[in-house]
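Undergrad: target.cif is the file, holding mmCIF, C-alpha atoms:
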data_protein
loop_
_atom_site.group_PDB
_atom_site.id
_atom_site.type_symbol
_atom_site.label_atom_id
_atom_site.label_comp_id
_atom_site.auth_asym_id
_atom_site.auth_seq_id
_atom_site.Cartn_x
_atom_site.Cartn_y
_atom_site.Cartn_z
ATOM 1 C CA MET A 1498 -25.605 44.104 -28.366
ATOM 2 C CA GLY A 1499 -25.979 41.805 -25.380
ATOM 3 C CA MET A 1500 -25.191 42.690 -21.806
ATOM 4 C CA ASN A 1501 -22.652 40.359 -20.209
ATOM 5 C CA ARG A 1502 -21.891 41.004 -16.544
ATOM 6 C CA GLY A 1503 -21.665 44.755 -16.900
ATOM 7 C CA ILE A 1504 -20.042 44.973 -20.319
ATOM 8 C CA GLU A 1505 -21.647 45.331 -23.733
ATOM 9 C CA LEU A 1506 -20.463 42.647 -26.148
ATOM 10 C CA ASN A 1507 -21.652 42.120 -29.692
ATOM 11 C CA ASN A 1508 -22.139 38.370 -29.277
ATOM 12 C CA THR A 1509 -24.759 37.563 -26.658
ATOM 13 C CA GLU A 1510 -23.351 34.064 -26.093
ATOM 14 C CA ALA A 1511 -19.818 35.227 -25.389
ATOM 15 C CA ASP A 1512 -18.493 33.295 -22.412
ATOM 16 C CA ILE A 1513 -17.096 34.993 -19.320
ATOM 17 C CA TRP A 1514 -15.364 33.045 -16.558
ATOM 18 C CA MET A 1515 -13.711 34.349 -13.406
ATOM 19 C CA PRO A 1516 -12.686 32.825 -10.078
ATOM 20 C CA GLU A 1517 -15.460 32.188 -7.611
ATOM 21 C CA GLY A 1518 -16.134 35.134 -5.343
ATOM 22 C CA VAL A 1519 -14.600 37.706 -7.705
ATOM 23 C CA SER A 1520 -16.832 40.298 -9.360
ATOM 24 C CA PHE A 1521 -16.492 41.072 -13.028
ATOM 25 C CA GLU A 1522 -15.563 44.676 -12.235
ATOM 26 C CA ASP A 1523 -12.763 43.555 -9.917
ATOM 27 C CA ALA A 1524 -11.497 40.986 -12.413
ATOM 28 C CA VAL A 1525 -11.356 43.626 -15.124
ATOM 29 C CA SER A 1526 -9.821 46.429 -13.101
ATOM 30 C CA ARG A 1527 -6.993 44.372 -11.593
ATOM 31 C CA THR A 1528 -5.773 42.964 -14.934
ATOM 32 C CA THR A 1529 -2.053 43.577 -15.431
ATOM 33 C CA CYS A 1530 -1.358 41.120 -18.263
ATOM 34 C CA LEU A 1531 -3.819 40.727 -21.131
ATOM 35 C CA ALA A 1532 -3.512 38.149 -23.911
ATOM 36 C CA ILE A 1533 -5.797 38.213 -26.946
ATOM 37 C CA GLY A 1534 -5.664 35.149 -29.161
ATOM 38 C CA ALA A 1535 -7.644 33.797 -32.067
ATOM 39 C CA HIS A 1536 -8.341 30.264 -30.822
ATOM 40 C CA GLN A 1537 -8.653 28.189 -27.703
ATOM 41 C CA ASP A 1538 -5.086 27.076 -26.776
ATOM 42 C CA ASP A 1539 -3.372 30.031 -28.511
ATOM 43 C CA LEU A 1540 -3.008 31.908 -25.229
ATOM 44 C CA GLU A 1541 -1.302 29.003 -23.500
ATOM 45 C CA ILE A 1542 1.200 28.703 -26.362
ATOM 46 C CA MET A 1543 1.929 32.362 -27.011
ATOM 47 C CA ALA A 1544 1.483 34.128 -23.657
ATOM 48 C CA TYR A 1545 2.910 31.708 -21.117
ATOM 49 C CA GLU A 1546 5.288 34.417 -19.889
ATOM 50 C CA GLY A 1547 2.285 36.430 -18.699
ATOM 51 C CA ILE A 1548 0.493 33.409 -17.257
ATOM 52 C CA ALA A 1549 3.573 32.416 -15.239
ATOM 53 C CA ARG A 1550 4.194 35.998 -14.151
ATOM 54 C CA CYS A 1551 0.735 36.180 -12.605
ATOM 55 C CA TYR A 1552 0.508 32.581 -11.329
ATOM 56 C CA LYS A 1553 0.212 32.501 -7.515
ATOM 57 C CA SER A 1554 0.635 36.289 -7.412
ATOM 58 C CA THR A 1555 -1.557 38.578 -5.362
ATOM 59 C CA GLU A 1556 -0.337 41.670 -7.231
ATOM 60 C CA GLU A 1557 -0.455 40.555 -10.879
ATOM 61 C CA TRP A 1558 -3.481 39.169 -12.727
ATOM 62 C CA PHE A 1559 -3.731 37.509 -16.124
ATOM 63 C CA THR A 1560 -6.751 37.944 -18.368
ATOM 64 C CA GLY A 1561 -7.194 35.794 -21.454
ATOM 65 C CA VAL A 1562 -9.421 36.702 -24.383
ATOM 66 C CA VAL A 1563 -10.180 34.141 -27.094
ATOM 67 C CA VAL A 1564 -11.844 35.623 -30.138
ATOM 68 C CA THR A 1565 -13.232 32.726 -32.213
ATOM 69 C CA ASP A 1566 -15.751 30.041 -31.325
ATOM 70 C CA GLY A 1567 -13.831 26.846 -32.159
ATOM 71 C CA ARG A 1568 -16.409 25.504 -34.602
ATOM 72 C CA GLY A 1569 -13.969 25.062 -37.461
ATOM 73 C CA SER A 1570 -11.439 22.992 -35.516
ATOM 74 C CA SER A 1571 -9.997 19.846 -37.031
ATOM 75 C CA ARG A 1572 -11.285 16.702 -35.344
ATOM 76 C CA LEU A 1573 -9.964 13.159 -35.452
ATOM 77 C CA GLY A 1574 -9.866 10.189 -33.119
ATOM 78 C CA PRO A 1575 -12.353 10.382 -30.225
ATOM 79 C CA TYR A 1576 -13.638 13.754 -31.465
ATOM 80 C CA ALA A 1577 -14.163 12.783 -35.099
ATOM 81 C CA ASP A 1578 -17.955 12.560 -34.786
ATOM 82 C CA LEU A 1579 -18.495 15.893 -33.026
ATOM 83 C CA ASN A 1580 -20.490 18.409 -35.019
ATOM 84 C CA ASP A 1581 -19.595 22.103 -35.061
ATOM 85 C CA ASP A 1582 -21.815 22.992 -32.095
ATOM 86 C CA GLU A 1583 -20.426 20.144 -30.003
ATOM 87 C CA MET A 1584 -16.852 21.103 -30.868
ATOM 88 C CA ARG A 1585 -17.560 24.709 -29.917
ATOM 89 C CA LEU A 1586 -18.737 23.605 -26.468
ATOM 90 C CA LYS A 1587 -15.833 21.196 -26.020
ATOM 91 C CA ARG A 1588 -13.246 23.825 -26.819
ATOM 92 C CA ARG A 1589 -15.014 26.333 -24.568
ATOM 93 C CA GLU A 1590 -14.818 23.841 -21.692
ATOM 94 C CA GLU A 1591 -11.134 23.219 -22.345
ATOM 95 C CA GLN A 1592 -10.365 26.946 -22.288
ATOM 96 C CA ARG A 1593 -12.177 27.313 -18.987
ATOM 97 C CA GLU A 1594 -10.191 24.383 -17.580
ATOM 98 C CA ALA A 1595 -6.962 26.099 -18.618
ATOM 99 C CA ALA A 1596 -8.099 29.266 -16.842
ATOM 100 C CA VAL A 1597 -8.667 27.297 -13.638
ATOM 101 C CA LEU A 1598 -5.297 25.536 -13.880
ATOM 102 C CA GLY A 1599 -3.424 28.741 -14.630
ATOM 103 C CA GLN A 1600 -5.248 30.759 -11.959
ATOM 104 C CA TYR A 1601 -6.308 33.363 -14.506
ATOM 105 C CA GLY A 1602 -8.013 36.427 -13.151
ATOM 106 C CA LEU A 1603 -10.508 36.442 -16.021
ATOM 107 C CA GLN A 1604 -11.186 34.399 -19.149
ATOM 108 C CA MET A 1605 -13.386 35.677 -21.958
ATOM 109 C CA GLN A 1606 -14.399 33.849 -25.144
ATOM 110 C CA LEU A 1607 -15.980 36.286 -27.585
ATOM 111 C CA ASP A 1608 -17.597 33.609 -29.791
ATOM 112 C CA TYR A 1609 -16.894 35.044 -33.245
ATOM 113 C CA GLU A 1610 -16.971 32.813 -36.292
ATOM 114 C CA SER A 1611 -13.531 32.670 -37.873
ATOM 115 C CA GLN A 1612 -14.829 33.945 -41.216
ATOM 116 C CA LYS A 1613 -16.449 36.927 -39.501
ATOM 117 C CA VAL A 1614 -13.122 37.971 -38.012
ATOM 118 C CA LYS A 1615 -11.619 37.952 -41.497
ATOM 119 C CA GLY A 1616 -14.648 39.669 -43.014
ATOM 120 C CA ASP A 1617 -17.610 41.752 -41.953
ATOM 121 C CA GLY A 1618 -17.226 41.095 -38.220
ATOM 122 C CA LYS A 1619 -14.069 43.175 -37.853
ATOM 123 C CA VAL A 1620 -15.862 46.351 -36.814
ATOM 124 C CA GLN A 1621 -17.805 44.543 -34.084
ATOM 125 C CA LEU A 1622 -14.675 42.841 -32.761
ATOM 126 C CA VAL A 1623 -12.805 46.136 -32.599
ATOM 127 C CA GLU A 1624 -15.725 47.636 -30.668
ATOM 128 C CA ASP A 1625 -15.511 44.821 -28.112
ATOM 129 C CA LEU A 1626 -11.739 45.170 -27.779
ATOM 130 C CA VAL A 1627 -11.872 48.945 -27.342
ATOM 131 C CA GLN A 1628 -14.223 48.489 -24.393
ATOM 132 C CA LEU A 1629 -11.997 45.874 -22.800
ATOM 133 C CA LEU A 1630 -8.785 47.853 -23.230
ATOM 134 C CA LEU A 1631 -10.249 51.012 -21.720
ATOM 135 C CA ARG A 1632 -11.677 49.097 -18.782
ATOM 136 C CA MET A 1633 -8.592 46.949 -18.111
ATOM 137 C CA ARG A 1634 -5.642 49.176 -19.050
ATOM 138 C CA PRO A 1635 -3.137 46.317 -18.642
ATOM 139 C CA GLU A 1636 0.615 46.892 -18.436
ATOM 140 C CA VAL A 1637 1.356 44.174 -21.003
ATOM 141 C CA VAL A 1638 -0.676 43.040 -24.009
ATOM 142 C CA TYR A 1639 0.216 39.774 -25.752
ATOM 143 C CA LEU A 1640 -0.974 39.436 -29.357
ATOM 144 C CA HIS A 1641 -0.311 37.256 -32.372
ATOM 145 C CA GLN A 1642 2.653 38.425 -34.407
ATOM 146 C CA PRO A 1643 1.986 39.951 -37.848
ATOM 147 C CA ALA A 1644 4.213 37.481 -39.731
ATOM 148 C CA ASP A 1645 2.227 34.480 -38.491
ATOM 149 C CA LYS A 1646 1.136 32.159 -41.302
ATOM 150 C CA HIS A 1647 -2.367 31.511 -39.933
ATOM 151 C CA ALA A 1648 -4.747 33.978 -41.604
ATOM 152 C CA THR A 1649 -7.116 34.109 -38.620
ATOM 153 C CA HIS A 1650 -4.238 34.887 -36.256
ATOM 154 C CA VAL A 1651 -3.176 37.817 -38.423
ATOM 155 C CA ALA A 1652 -6.765 39.062 -38.787
ATOM 156 C CA VAL A 1653 -7.245 39.042 -35.008
ATOM 157 C CA MET A 1654 -3.927 40.822 -34.497
ATOM 158 C CA MET A 1655 -4.971 43.524 -36.964
ATOM 159 C CA CYS A 1656 -8.245 44.077 -35.088
ATOM 160 C CA CYS A 1657 -6.326 44.302 -31.828
ATOM 161 C CA LEU A 1658 -3.952 46.844 -33.335
ATOM 162 C CA GLU A 1659 -6.858 48.938 -34.588
ATOM 163 C CA ALA A 1660 -8.424 48.874 -31.112
ATOM 164 C CA LEU A 1661 -5.113 49.861 -29.482
ATOM 165 C CA ARG A 1662 -4.753 52.732 -31.922
ATOM 166 C CA GLN A 1663 -8.274 53.919 -31.185
ATOM 167 C CA VAL A 1664 -7.604 54.118 -27.446
ATOM 168 C CA ALA A 1665 -4.043 55.455 -27.738
ATOM 169 C CA GLY A 1666 -5.155 58.997 -26.919
ATOM 170 C CA GLU A 1667 -6.158 57.780 -23.446
ATOM 171 C CA TYR A 1668 -3.987 54.748 -22.820
ATOM 172 C CA VAL A 1669 -0.999 52.898 -24.311
ATOM 173 C CA PRO A 1670 0.301 49.690 -22.678
ATOM 174 C CA GLU A 1671 3.899 49.620 -21.485
ATOM 175 C CA ARG A 1672 4.525 46.565 -23.682
ATOM 176 C CA VAL A 1673 2.692 45.255 -26.743
ATOM 177 C CA LEU A 1674 4.162 41.944 -27.848
ATOM 178 C CA GLY A 1675 3.521 39.951 -31.014
ATOM 179 C CA CYS A 1676 4.096 36.317 -30.079
ATOM 180 C CA GLU A 1677 4.974 33.206 -32.062
ATOM 181 C CA VAL A 1678 2.439 30.432 -32.619
ATOM 182 C CA TRP A 1679 2.091 29.164 -36.184
ATOM 183 C CA ARG A 1680 5.275 30.785 -37.434
ATOM 184 C CA ASP A 1681 8.140 31.166 -35.005
ATOM 185 C CA LEU A 1682 10.314 34.260 -34.747
ATOM 186 C CA ASP A 1683 13.726 32.624 -34.874
ATOM 187 C CA TRP A 1684 14.294 34.478 -38.172
ATOM 188 C CA LEU A 1685 13.951 37.866 -36.504
ATOM 189 C CA GLY A 1686 17.241 39.720 -36.091
ATOM 190 C CA ASP A 1687 18.730 39.182 -32.648
ATOM 191 C CA SER A 1688 18.531 42.887 -31.800
ATOM 192 C CA GLU A 1689 14.834 42.815 -32.690
ATOM 193 C CA LYS A 1690 13.851 39.768 -30.643
ATOM 194 C CA VAL A 1691 12.034 40.171 -27.341
ATOM 195 C CA ALA A 1692 12.870 37.160 -25.158
ATOM 196 C CA MET A 1693 10.026 35.914 -22.979
ATOM 197 C CA ASP A 1694 11.328 33.653 -20.236
ATOM 198 C CA CYS A 1695 8.976 30.667 -19.960
ATOM 199 C CA SER A 1696 11.079 28.606 -17.542
ATOM 200 C CA ALA A 1697 8.893 28.990 -14.460
ATOM 201 C CA TYR A 1698 6.490 26.240 -13.381
ATOM 202 C CA PRO A 1699 7.375 23.690 -16.105
ATOM 203 C CA GLU A 1700 4.663 21.278 -14.966
ATOM 204 C CA LEU A 1701 2.080 24.030 -15.325
ATOM 205 C CA ALA A 1702 3.408 24.903 -18.785
ATOM 206 C CA ARG A 1703 2.843 21.337 -19.933
ATOM 207 C CA SER A 1704 -0.531 20.939 -18.232
ATOM 208 C CA LEU A 1705 -1.911 24.105 -19.811
ATOM 209 C CA VAL A 1706 -1.278 22.848 -23.327
ATOM 210 C CA GLU A 1707 -2.351 19.281 -22.564
ATOM 211 C CA VAL A 1708 -5.765 20.549 -21.449
ATOM 212 C CA PHE A 1709 -6.691 20.951 -25.114
ATOM 213 C CA ASP A 1710 -7.094 17.259 -25.787
ATOM 214 C CA SER A 1711 -9.559 17.852 -28.609
ATOM 215 C CA GLN A 1712 -6.657 19.245 -30.609
ATOM 216 C CA ILE A 1713 -3.873 16.941 -29.470
ATOM 217 C CA SER A 1714 -5.909 13.751 -29.897
ATOM 218 C CA GLY A 1715 -7.044 15.177 -33.201
ATOM 219 C CA GLY A 1716 -3.587 14.588 -34.583
ATOM 220 C CA LYS A 1717 -1.536 17.668 -33.625
ATOM 221 C CA ALA A 1718 1.118 17.328 -30.898
ATOM 222 C CA TYR A 1719 0.841 20.925 -29.783
ATOM 223 C CA ASP A 1720 2.120 20.062 -26.322
ATOM 224 C CA GLU A 1721 5.416 18.632 -27.539
ATOM 225 C CA GLY A 1722 5.738 21.213 -30.294
ATOM 226 C CA ALA A 1723 5.210 24.274 -28.092
ATOM 227 C CA LEU A 1724 7.388 23.070 -25.228
ATOM 228 C CA GLY A 1725 10.096 21.808 -27.582
ATOM 229 C CA ARG A 1726 10.256 25.144 -29.386
ATOM 230 C CA ARG A 1727 10.724 26.988 -26.106
ATOM 231 C CA ARG A 1728 13.568 24.654 -25.136
ATOM 232 C CA ALA A 1729 15.152 25.009 -28.579
ATOM 233 C CA ASN A 1730 14.911 28.805 -28.437
ATOM 234 C CA ALA A 1731 16.697 28.822 -25.089
ATOM 235 C CA THR A 1732 19.465 26.538 -26.342
ATOM 236 C CA PHE A 1733 20.088 28.030 -29.766
ATOM 237 C CA CYS A 1734 19.672 31.720 -28.979
ATOM 238 C CA ASN A 1735 23.395 32.228 -28.352
ATOM 239 C CA SER A 1736 26.225 30.094 -29.682
ATOM 240 C CA HIS A 1737 28.886 31.481 -27.347
ATOM 241 C CA SER A 1738 27.373 31.255 -23.886
ATOM 242 C CA SER A 1739 25.592 28.786 -21.656
ATOM 243 C CA ASP A 1740 21.815 28.851 -21.452
ATOM 244 C CA ASP A 1741 20.452 31.660 -19.292
ATOM 245 C CA CYS A 1742 17.067 29.975 -18.938
ATOM 246 C CA GLU A 1743 15.443 26.687 -19.836
ATOM 247 C CA ALA A 1744 12.555 27.864 -21.990
ATOM 248 C CA VAL A 1745 12.153 30.962 -24.165
ATOM 249 C CA SER A 1746 9.442 32.242 -26.484
ATOM 250 C CA TRP A 1747 10.284 35.006 -28.916
ATOM 251 C CA ALA A 1748 8.153 38.074 -29.440
ATOM 252 C CA MET A 1749 8.172 41.107 -31.702
ATOM 253 C CA ASP A 1750 7.780 44.556 -30.175
ATOM 254 C CA LEU A 1751 4.535 45.912 -31.640
ATOM 255 C CA ARG A 1752 4.319 49.050 -29.516
ATOM 256 C CA PRO A 1753 5.787 51.219 -32.305
ATOM 257 C CA LEU A 1754 2.714 50.374 -34.408
ATOM 258 C CA VAL A 1755 0.474 51.748 -31.665
ATOM 259 C CA VAL A 1756 2.494 54.891 -30.989
ATOM 260 C CA ASP A 1757 3.167 55.764 -34.646
ATOM 261 C CA GLN A 1758 -0.140 55.289 -36.426
ATOM 262 C CA SER A 1759 1.330 56.382 -39.748
ATOM 263 C CA LEU A 1760 3.430 53.215 -39.737
ATOM 264 C CA GLY A 1761 1.870 50.518 -41.910
ATOM 265 C CA VAL A 1762 1.951 46.920 -40.761
ATOM 266 C CA ALA A 1763 3.268 45.631 -44.095
ATOM 267 C CA ALA A 1764 6.098 48.166 -44.082
ATOM 268 C CA PHE A 1765 6.854 47.362 -40.448
ATOM 269 C CA VAL A 1766 7.113 43.628 -41.098
ATOM 270 C CA GLY A 1767 8.976 44.233 -44.350
ATOM 271 C CA GLY A 1768 11.586 46.178 -42.433
ATOM 272 C CA LYS A 1769 12.091 43.247 -40.064
ATOM 273 C CA ILE A 1770 12.483 40.867 -43.012
ATOM 274 C CA ASP A 1771 14.963 43.217 -44.706
ATOM 275 C CA GLY A 1772 16.916 43.402 -41.452
ATOM 276 C CA PHE A 1773 17.129 39.616 -41.303
ATOM 277 C CA LYS A 1774 18.222 39.459 -44.926
ATOM 278 C CA GLY A 1775 20.950 42.008 -44.298
ATOM 279 C CA GLU A 1776 22.165 40.173 -41.202
ATOM 280 C CA VAL A 1777 22.446 36.873 -43.085
ATOM 281 C CA LEU A 1778 24.201 38.394 -46.091
ATOM 282 C CA ARG A 1779 26.713 40.243 -43.910
ATOM 283 C CA CYS A 1780 27.567 36.981 -42.187
ATOM 284 C CA VAL A 1781 28.029 35.260 -45.561
ATOM 285 C CA ASP A 1782 30.189 38.087 -46.913
ATOM 286 C CA GLU A 1783 32.402 38.078 -43.832
ATOM 287 C CA SER A 1784 32.874 34.331 -44.130
ATOM 288 C CA CYS A 1785 33.847 34.336 -47.808
ATOM 289 C CA LEU A 1786 37.492 33.486 -48.544
#
Now that the file is in, can you turn its structure into structure tokens?

TA:
Amino acid sequence: MGMNRGIELNNTEADIWMPEGVSFEDAVSRTTCLAIGAHQDDLEIMAYEGIARCYKSTEEWFTGVVVTDGRGSSRLGPYADLNDDEMRLKRREEQREAAVLGQYGLQMQLDYESQKVKGDGKVQLVEDLVQLLLRMRPEVVYLHQPADKHATHVAVMMCCLEALRQVAGEYVPERVLGCEVWRDLDWLGDSEKVAMDCSAYPELARSLVEVFDSQISGGKAYDEGALGRRRANATFCNSHSSDDCEAVSWAMDLRPLVVDQSLGVAAFVGGKIDGFKGEVLRCVDESCL
């Protein structure tokens, strides 16, 4: 293990950024909102509620943790000739820029290879996350949601869940939210949805996603996609009332998986899917002549 500013991390080249003049201990201890994502730009898409909540606040502080190193990113246009090492550094710089823009209290990039997270690196990642959770003890933890269609997102979420379960005897966050990125949560039953209001600071919301030019110029309009989905969620969430807010991201409440460790993730997600199926079929039955 390598020592990184007072914390033992398995990857010696893990990157730690914090605002100038703030010690690592202070940045860790004052964290109220923690987001753990697989890739650079995931946090800005899935955890904007927490970023906005802490932005310009002197009482609330956002910490972002990115697990993978960015080497396997797609690259087109001006980034087409970058090799894996160059792409890793580019994406690391972009994530740091997002942290500056969003006034994060702390940004950590753990530098795991994507394949390691889905394979023999799981134990090491869980070890890192256990340390961070016990040191930070945030009120809210934002994670990927278990029905996401990106395998690395789900693998990271599973490691996070294992870490949360390991520390549950000492600490359980008030909220543990599984957030939409590669698969949205519009299908989730309305009573199961957790609405995250993302209306605040719209210019910041756009700027945070646009920072990741290596991905957008590479052929994926993540900026328009993420912001458009939030607007669509706000508009289509209720057919019989005016919009309560301008931008919404959906989340799934994952705290039951932390509190009840006998509950399997597959069964948990299966129950949500069965609930959606039942809701749709009831609506069809009631509409039949």

Undergrad: Determine the residue set returned by the PyMOL selection byres ((chain A and resi 1559-1568) around 7) for the present structure, and present it as number ranges by chain.

TA: A: 1528-1537, 1540, 1547-1548, 1551, 1557-1558, 1569-1570, 1581-1582, 1584-1585, 1588, 1601-1611

Undergrad: Compare A:Asp1750, A:Glu1583, A:Asp1512, A:Glu1743 by their minimum atom-to-atom distance to Ser1696 in chain A, counting only C-alpha atoms, and give me the closest one.

TA: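 Under the stated criterion, the closest residue is A:Glu1743.
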
Undergrad: In terms of the shortest atom-to-atom distance over all atoms listed in the file, which of A:Val1755, A:Leu1626, A:Cys1734, A:Val1777 is closest to Gly1666 in chain A?

TA: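 For Gly1666 in chain A, the nearest of the given residues is A:Val1755.
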
Undergrad: CA of Glu1783 in chain A to CA of Asp1771 in chain A: how many Å, to one decimal?

TA: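 Atom-to-atom, CA of Glu1783 in chain A to CA of Asp1771 in chain A, that is 18.2 Å.
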
Undergrad: CA of Gly1574 in chain A and CA of Phe1709 in chain A, how far apart in Å?

TA: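 Here the two named atoms are 13.8 Å from each other.
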
Undergrad: With distances taken over all atoms listed in the file, which of A:Val1678, A:Leu1630, A:Leu1661, A:Leu1760 is nearest to Lys1646 in chain A?

TA: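 Closest to Lys1646 in chain A, using all atoms listed in the file: A:Val1678.
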
Undergrad: Looking at A:Glu1546, A:Asp1720, A:Asp1538, A:Asp1578, which one is nearest to Ala1596 in chain A, with distances taken over all atoms listed in the file?

TA: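 That would be A:Asp1538, the residue with the smallest distance to Ala1596 in chain A.
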
Undergrad: Which one is closest to Glu1624 in chain A: A:Ser1746, A:Ser1554, A:Gln1592, A:Asn1507? Count all atoms listed in the file.

TA: A:Asn1507

Undergrad: If you measure from CA of Tyr1576 in chain A to CA of Trp1514 in chain A, what distance in Å do you get, rounded to one decimal?

TA: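 It comes out at 24.4 Å.
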
Undergrad: I'd like the residues picked by the PyMOL selection byres ((chain A and resi 1749) around 9) written out as a list in words, using the chain letters and numbers from the file.

TA: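 For this structure, the PyMOL selection byres ((chain A and resi 1749) around 9) captures Gln1642, Pro1643, Val1673, Leu1674, Gly1675, Cys1676, Glu1677, Leu1682, Leu1685, Glu1689, Lys1690, Val1691, Ala1692, Trp1747, Ala1748, Asp1750 and Leu1751 of chain A.
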
Undergrad: Evaluate the PyMOL selection byres ((chain A and resi 1653) around 9) on the structure here and hand back the selected residues as a ChimeraX atom specification.

TA: /A:1533-1535,1564,1614-1615,1619,1622,1640-1641,1648-1652,1654-1658
